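Novice: Sharing a structure with you now.
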Amino acid sequence: MTIDPPTTDPSQRPADEQPLLEINGLSVDFKLETSVVHAVQDVSLHVRAGETLAIVGESGSGKTATALSVPRLNPSPPCVYASGEILFDGRDLLTLSEKELGRIRGREIAMVFQDPMTCLDPLQRVGAQVAEVLRHHTGISRAEARDAALDALEEVGIPDPALRYRQYPHELSGGLRQRVMIATALVGRPRLLIADEPTTALDVTVQSQILDLLVTLQHRHGMAVVLITHDLAVVAETADRVVVMNQGKVVETGDVLDVFDRPADDYTRKLLAATPRLEAA
Ligand SMILES: Nc1ncnc2c1ncn2[C@@H]1O[C@H](COP(=O)(O)OP(=O)(O)OP(=O)(O)O)[C@@H](O)[C@H]1O
């Protein structure tokens with residue numbers, strides 16, 4: 001019997017060990033008229049199927065620019081993907097055509113943002129918006145999409161979904177709007193959800209309800225989540241692993257408990273020290 005030596009080449013790993021998302025050496029610049037912002041510098045990270053990876057760091061550290069690079073949603077121009085690769089299920093998203101990426105965006109990779117109004121059309125009834133996403137991705141009939149959208153609104157905990165279906169975004173509270181955005185994001189059953197500060201704009205009690213909802217839906221549907229947040233207490237509650245960013249670079253990464261118990265980097269220590277809620281938890 002021969003035993004193969006352990007392989008270090010990622011392309012040789014068994015399929016079940018391949019991360020769902022693997023970012024290698026990503027650099028993102030914003031080319032402005034008189035200057036260049038190096039927003040993301042040589043960032044590498046990975047997310048396995050079904051797990052939650054949190055990206056933390058101060059404002060301006062490059063969290064959003066990193067995350068928006070995955071579905072290639074940084075505004076271009078001024079954004080330039082200067083180097084690196086973003087492997088989703090082994091395919092480099094940075095090399096796909098807009099058409100190919102369009103089939104992945106929203107369907108296999110979905111996003112929720114801090115402000116639902118950036119995603120929801122203020123002039124369209126909310127139920128129709130959820131149904132339209134489904135029709136776009138699956139081509140099912142109007143009636144089937146309506147039924148599925150009603151189910152989706154119910155699943156995200158919207159009371160009286162038949163009534164809410166017919167309402168416009170401005171008729172809903174911030175928490176309900178966020179639930180509608182989550183329904184819109186998840187109705188296509190994505191394998192990866194990118195959640196960028198999904199609860200920051202909400203009241204504290206609503207924040208924890210929305211987080212609980214995301215965790216429940218993640219477990220139910222087995223999707224992976226990239227969670228961007230400045231709230232380390234939220235990370236401790238929800239994430240498996242964490243990436244700490246500072247000034248466009250990854251300064252530390254690891255299992256949440258390890259990093260929070262034994263931070264290796266000074267910047268991580270400072271972030272943790274600035275989060276008293278965490279010590280109380
Ligand atoms: N569209 C843009 N045009 C120019 N510069 C940008 C653009 N988007 C981001 N930047 C710059 O890139 C850097 C990283 O920004 P990014 O939004 O990724 O940070 P962040 O860590 O997500 O911050 P926050 O927590 O405030 O959202 C910042 O210096 C920011 O000013």
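Going through the structure tokens in order, the chains are called A, B, and so on, while each chain numbers its residues from 1 and the ligands are numbered from 1 in the order shown.
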With only C-alpha atoms and all ligand atoms counted, collect every polymer residue having an atom within 10 Å of ligand 1; state the result as an MDAnalysis selection string.

Specialist: chainID A and resid 28:32 35:40 55:69 74:79 114 196:197 228:230 245:248

Novice: If you keep N, CA and C atoms, can you produce a file of those selected residues as a compact mmCIF listing (two decimals), in the first residue's frame?

Specialist:
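The resulting again-v6.txt:
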```
# COMPACT_ATOMS: atom_id res chain seq x y z
N VAL A 28 -7.66 45.93 -4.69
CA VAL A 28 -8.68 46.76 -5.33
C VAL A 28 -8.29 48.22 -5.16
N ASP A 29 -8.24 48.95 -6.27
CA ASP A 29 -7.94 50.38 -6.22
C ASP A 29 -9.16 51.18 -6.65
N PHE A 30 -9.28 52.39 -6.11
CA PHE A 30 -10.24 53.35 -6.65
C PHE A 30 -9.42 54.47 -7.26
N LYS A 31 -9.50 54.59 -8.57
CA LYS A 31 -8.70 55.59 -9.28
C LYS A 31 -9.50 56.89 -9.37
N LEU A 32 -9.11 57.84 -8.55
CA LEU A 32 -9.80 59.13 -8.55
C LEU A 32 -9.04 60.09 -9.46
N SER A 35 -5.83 61.10 -7.41
CA SER A 35 -5.17 60.14 -6.51
C SER A 35 -5.73 58.74 -6.71
N VAL A 36 -5.03 57.79 -6.11
CA VAL A 36 -5.51 56.40 -6.14
C VAL A 36 -5.67 55.92 -4.70
N VAL A 37 -6.86 55.37 -4.38
CA VAL A 37 -7.07 54.79 -3.05
C VAL A 37 -6.83 53.28 -3.17
N HIS A 38 -5.84 52.79 -2.43
CA HIS A 38 -5.58 51.34 -2.42
C HIS A 38 -6.48 50.73 -1.34
N ALA A 39 -7.74 50.50 -1.70
CA ALA A 39 -8.76 50.12 -0.70
C ALA A 39 -8.55 48.72 -0.16
N VAL A 40 -8.10 47.81 -1.02
CA VAL A 40 -7.90 46.40 -0.63
C VAL A 40 -6.51 46.00 -1.12
N ILE A 55 -16.09 39.67 8.65
CA ILE A 55 -14.99 40.59 8.34
C ILE A 55 -15.18 41.81 9.22
N VAL A 56 -14.18 42.09 10.05
CA VAL A 56 -14.29 43.22 10.98
C VAL A 56 -13.14 44.20 10.75
N GLY A 57 -13.31 45.39 11.26
CA GLY A 57 -12.28 46.42 11.11
C GLY A 57 -12.94 47.78 11.17
N GLU A 58 -12.12 48.79 11.39
CA GLU A 58 -12.67 50.15 11.50
C GLU A 58 -13.25 50.61 10.18
N SER A 59 -13.97 51.72 10.25
CA SER A 59 -14.50 52.33 9.04
C SER A 59 -13.36 52.65 8.07
N GLY A 60 -13.55 52.29 6.82
CA GLY A 60 -12.53 52.58 5.81
C GLY A 60 -11.45 51.53 5.70
N SER A 61 -11.59 50.41 6.42
CA SER A 61 -10.52 49.40 6.39
C SER A 61 -10.60 48.49 5.16
N GLY A 62 -11.66 48.62 4.37
CA GLY A 62 -11.74 47.85 3.13
C GLY A 62 -12.68 46.66 3.18
N LYS A 63 -13.51 46.58 4.21
CA LYS A 63 -14.43 45.44 4.36
C LYS A 63 -15.42 45.38 3.19
N THR A 64 -16.10 46.52 2.99
CA THR A 64 -17.13 46.54 1.94
C THR A 64 -16.51 46.37 0.56
N ALA A 65 -15.39 47.04 0.32
CA ALA A 65 -14.76 46.93 -1.00
C ALA A 65 -14.36 45.47 -1.27
N THR A 66 -13.90 44.77 -0.23
CA THR A 66 -13.57 43.35 -0.40
C THR A 66 -14.82 42.55 -0.74
N ALA A 67 -15.88 42.77 0.05
CA ALA A 67 -17.09 41.97 -0.14
C ALA A 67 -17.76 42.26 -1.48
N LEU A 68 -17.79 43.54 -1.85
CA LEU A 68 -18.43 43.89 -3.13
C LEU A 68 -17.64 43.38 -4.33
N SER A 69 -16.38 43.03 -4.09
CA SER A 69 -15.57 42.49 -5.19
C SER A 69 -16.08 41.11 -5.61
N ASN A 74 -18.39 46.66 -6.99
CA ASN A 74 -17.79 47.98 -6.74
C ASN A 74 -18.02 48.84 -7.97
N PRO A 75 -18.35 50.13 -7.78
CA PRO A 75 -18.62 50.97 -8.95
C PRO A 75 -17.38 51.10 -9.83
N SER A 76 -17.54 50.77 -11.10
CA SER A 76 -16.39 50.76 -11.98
C SER A 76 -16.71 51.56 -13.25
N PRO A 77 -15.97 52.70 -13.53
CA PRO A 77 -14.98 53.31 -12.67
C PRO A 77 -15.65 53.92 -11.43
N PRO A 78 -14.88 54.23 -10.39
CA PRO A 78 -13.42 54.30 -10.32
C PRO A 78 -12.73 53.00 -9.90
N CYS A 79 -13.50 51.91 -9.67
CA CYS A 79 -12.84 50.72 -9.11
C CYS A 79 -12.08 49.95 -10.19
N GLN A 114 -27.04 47.38 4.69
CA GLN A 114 -27.52 48.11 5.86
C GLN A 114 -28.87 48.78 5.57
N ASP A 196 -23.80 42.94 4.57
CA ASP A 196 -22.95 44.08 4.90
C ASP A 196 -23.66 44.96 5.93
N GLU A 197 -23.23 44.88 7.17
CA GLU A 197 -23.85 45.64 8.27
C GLU A 197 -25.38 45.50 8.23
N ILE A 228 -20.28 41.31 7.33
CA ILE A 228 -19.44 42.49 7.58
C ILE A 228 -20.07 43.27 8.71
N THR A 229 -19.30 43.52 9.73
CA THR A 229 -19.85 44.26 10.86
C THR A 229 -18.72 44.93 11.64
N HIS A 230 -19.09 46.01 12.33
CA HIS A 230 -18.11 46.62 13.22
C HIS A 230 -18.39 46.15 14.65
N MET A 245 -9.49 43.30 9.38
CA MET A 245 -8.85 44.14 8.37
C MET A 245 -8.47 45.50 8.95
N ASN A 246 -7.34 46.02 8.49
CA ASN A 246 -6.91 47.36 8.86
C ASN A 246 -6.21 47.97 7.66
N GLN A 247 -6.67 49.15 7.27
CA GLN A 247 -6.08 49.89 6.15
C GLN A 247 -5.89 49.02 4.90
N GLY A 248 -6.96 48.30 4.58
CA GLY A 248 -6.96 47.53 3.33
C GLY A 248 -6.31 46.17 3.40
```

Novice: Using only C-alpha atoms, which protein or nucleic acid residues come within 12 Å of Ile210 in chain A? Drop anything in the same chain fewer than 5 positions from it, and give the result as number ranges by chain.

Specialist: A: 112, 114, 156-158, 174-183, 195, 197-205, 215-217, 234, 238

Novice: Kindly indicate which residue among A:Leu163, A:Thr52, A:Gly139, A:Ile104 lies nearest to Val256 in chain A, using only C-alpha atoms for the distances.

Specialist: A:Thr52

Novice: Given the choices A:Arg189, A:His137, A:Arg48, A:Arg125, which gets closest to Gln167 in chain A if the distance is worked out from only C-alpha atoms?

Specialist: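 So, comparing all the options, the nearest one is A:Arg125.
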
Novice: If we count only C-alpha atoms, what is near Leu120 in chain A at a cut-off of 8 Å, once residues fewer than 4 positions away on the same chain are taken out, given as a list in words?

Specialist: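 Using only C-alpha atoms, the neighbours found are Pro116, Val126, Gln129, Pro169 and Met181 of chain A.
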
Novice: For the strand (DSSP E or B) assignment from backbone DSSP, which residues of range 81-240 of chain A qualify? Please present them as a count of residues only.

Specialist: 25

Novice: Can you pull out every residue from range 18-221 of chain A that DSSP, working from the backbone, puts in alpha helix (DSSP H), and format the result as a ChimeraX atom specification?

Specialist: /A:63-69,98-104,126-138,142-155,161-165,174-186,204-221
